[in-house]
Amino acid sequence: MARRLRLVTYNVHSCFGTDRRLDPGRIAEVIAECEADIVALQEVDVARARSGGIDQAESIAKHLSMVSHFHPALHLEEERYGDALLTALPTRLVKAGGLPSRGEPRGVLWVEVPAGEARLQVFVTHLGLLGAERVRQTEALIGPDWLGAPMPGDARILFAGDLNAVTRSASYKLLVRRLKDAQVEAGGRIRPTFPSRFPLLRLDHIFVGEGVRVHRTAVHDTPLARRASDHLPLWADLEIE
């Protein structure tokens, strides 16, 4: 039987809101509003002085009664910064690692989540700011180490993150050769996610592979979400065939 779930991707801006207030609990409230089953987070701080030295991934997960997987794309002594996956479902960390970067280091997190008779292969990433850098990172992502790696026959691919890329960009065009854009698949109006107060750019994306149907997507645009981070969350209701 098919399994339905909701996937959210959210750049949390180290839990600093547009009002400059640091509040991981507020981020957790926004995610709770989204009623997510699986959450892909970017710009997460762990043990960083600027954000009070806490583990933001673990703190947000605890608020939501979820577990977290975290990968530090940036690691400076004890301070870490990167991507996370949160869920209350069973998980298995498959792999985490870096992507080719010239500026700020970027990485990718790959977690397996059982869903009925299928095994979801969930990829979380945050690509660079420069176009040429994003192309190299995307080429690595679709290559044999990540999306092109051998997978079981019951694998279903979900890919989410802040790609810093709009639909006309070269890196986006590379990805849609391999995966389906959830917002496009759902039909209807395609909504931007950044900046949260006056969204103009569609930088945050969810992509799906074969065996996954997209029923609906939405950008979670509420007063709380507009304050909590400089990005708005994007969610997709998926049916795993």
# chains A, B, ... in the order shown; residues from 1 in each chain; ligands from 1
>>> select_by_dssp(residues="stretch 32-224 of chain A", states="alpha helix (DSSP H)", output="ChimeraX atom specification")
/A:32-34,56-63,131-141,170-175,182-186,223-224
>>> residues_around(residues="stretch 86-101 of chain A", least_positions_apart="2", cutoff="8 Å", atoms="only C-alpha atoms", output="PyMOL selection string")
chain A and resi 37-41+57+61+65-69+71+73+84+103-114+128+133+136-137+140-141
>>> atom_distance(atom1="atom CA of A:Arg4", atom2="atom CA of A:Glu239")
4.4 Å
>>> select_by_dssp(residues="stretch 80-223 of chain A", states="strand (DSSP E)", output="ChimeraX atom specification")
/A:80-87,92-99,106-115,118-126,155-162,180-181,204-208,212-219
>>> atom_distance(atom1="atom CA of A:Ala155", atom2="atom CA of A:Val44")
27.4 Å
>>> closest_residue(among="A:Pro233, A:Gly148, A:Pro223, A:Gly116", to="A:Ala160", atoms="only C-alpha atoms")
A:Pro233
>>> residues_around(residues="A:Val30", least_positions_apart="4", cutoff="9 Å", atoms="only C-alpha atoms", output="PyMOL selection string")
chain A and resi 25-26+34+220+222+224-225+228+233
>>> write_last_selection(atoms="N, CA, C and O atoms", output="PDB file, in the first residue's frame")
ATOM      1  N   GLY A  25      13.259  27.703  19.848  1.00  0.00           N
ATOM      2  CA  GLY A  25      11.906  27.277  20.154  1.00  0.00           C
ATOM      3  C   GLY A  25      10.898  27.822  19.154  1.00  0.00           C
ATOM      4  O   GLY A  25       9.922  27.151  18.804  1.00  0.00           O
ATOM      5  N   ARG A  26      11.138  29.037  18.695  1.00  0.00           N
ATOM      6  CA  ARG A  26      10.243  29.641  17.700  1.00  0.00           C
ATOM      7  C   ARG A  26      10.335  28.905  16.370  1.00  0.00           C
ATOM      8  O   ARG A  26       9.327  28.694  15.696  1.00  0.00           O
ATOM      9  N   CYS A  34       3.693  23.323  10.456  1.00  0.00           N
ATOM     10  CA  CYS A  34       3.732  22.640   9.154  1.00  0.00           C
ATOM     11  C   CYS A  34       3.276  21.182   9.240  1.00  0.00           C
ATOM     12  O   CYS A  34       3.032  20.557   8.201  1.00  0.00           O
ATOM     13  N   HIS A 220       5.003  27.927   3.613  1.00  0.00           N
ATOM     14  CA  HIS A 220       4.328  28.195   4.891  1.00  0.00           C
ATOM     15  C   HIS A 220       4.570  29.654   5.271  1.00  0.00           C
ATOM     16  O   HIS A 220       5.579  30.010   5.883  1.00  0.00           O
ATOM     17  N   THR A 222       3.276  32.461   7.374  1.00  0.00           N
ATOM     18  CA  THR A 222       2.484  32.930   8.507  1.00  0.00           C
ATOM     19  C   THR A 222       3.236  34.058   9.208  1.00  0.00           C
ATOM     20  O   THR A 222       4.448  34.225   8.999  1.00  0.00           O
ATOM     21  N   LEU A 224       4.322  34.185  12.211  1.00  0.00           N
ATOM     22  CA  LEU A 224       5.421  33.606  12.979  1.00  0.00           C
ATOM     23  C   LEU A 224       6.570  33.206  12.065  1.00  0.00           C
ATOM     24  O   LEU A 224       7.744  33.458  12.376  1.00  0.00           O
ATOM     25  N   ALA A 225       6.270  32.583  10.928  1.00  0.00           N
ATOM     26  CA  ALA A 225       7.319  32.165   9.994  1.00  0.00           C
ATOM     27  C   ALA A 225       8.064  33.364   9.424  1.00  0.00           C
ATOM     28  O   ALA A 225       9.273  33.287   9.178  1.00  0.00           O
ATOM     29  N   ALA A 228      10.577  34.249  12.252  1.00  0.00           N
ATOM     30  CA  ALA A 228      11.484  33.240  12.818  1.00  0.00           C
ATOM     31  C   ALA A 228      12.791  33.090  12.052  1.00  0.00           C
ATOM     32  O   ALA A 228      13.822  32.751  12.635  1.00  0.00           O
ATOM     33  N   PRO A 233       9.508  28.218   5.213  1.00  0.00           N
ATOM     34  CA  PRO A 233       9.539  26.779   4.948  1.00  0.00           C
ATOM     35  C   PRO A 233       8.714  26.436   3.697  1.00  0.00           C
ATOM     36  O   PRO A 233       7.694  27.067   3.418  1.00  0.00           O
TER      37      PRO A 233
END
>>> closest_residue(among="A:Pro24, A:Val135, A:Leu76, A:Ala182", to="A:Glu58", atoms="only C-alpha atoms")
A:Pro24
>>> atom_distance(atom1="atom CA of A:Ser51", atom2="atom CA of A:Leu22")
7.0 Å
>>> closest_residue(among="A:Ala218, A:Leu85, A:Ile142, A:Leu175", to="A:Leu232", atoms="only C-alpha atoms")
A:Ala218
>>> residues_around(residues="stretch 200-205 of chain A", least_positions_apart="4", cutoff="10 Å", atoms="only C-alpha atoms", output="PyMOL selection string")
chain A and resi 8-11+126-127+159-167+172+181-183+190-196+219+231-236
>>> closest_residue(among="A:Lys173, A:Arg216, A:Arg20, A:Lys180", to="A:Leu158", atoms="only C-alpha atoms")
A:Lys180
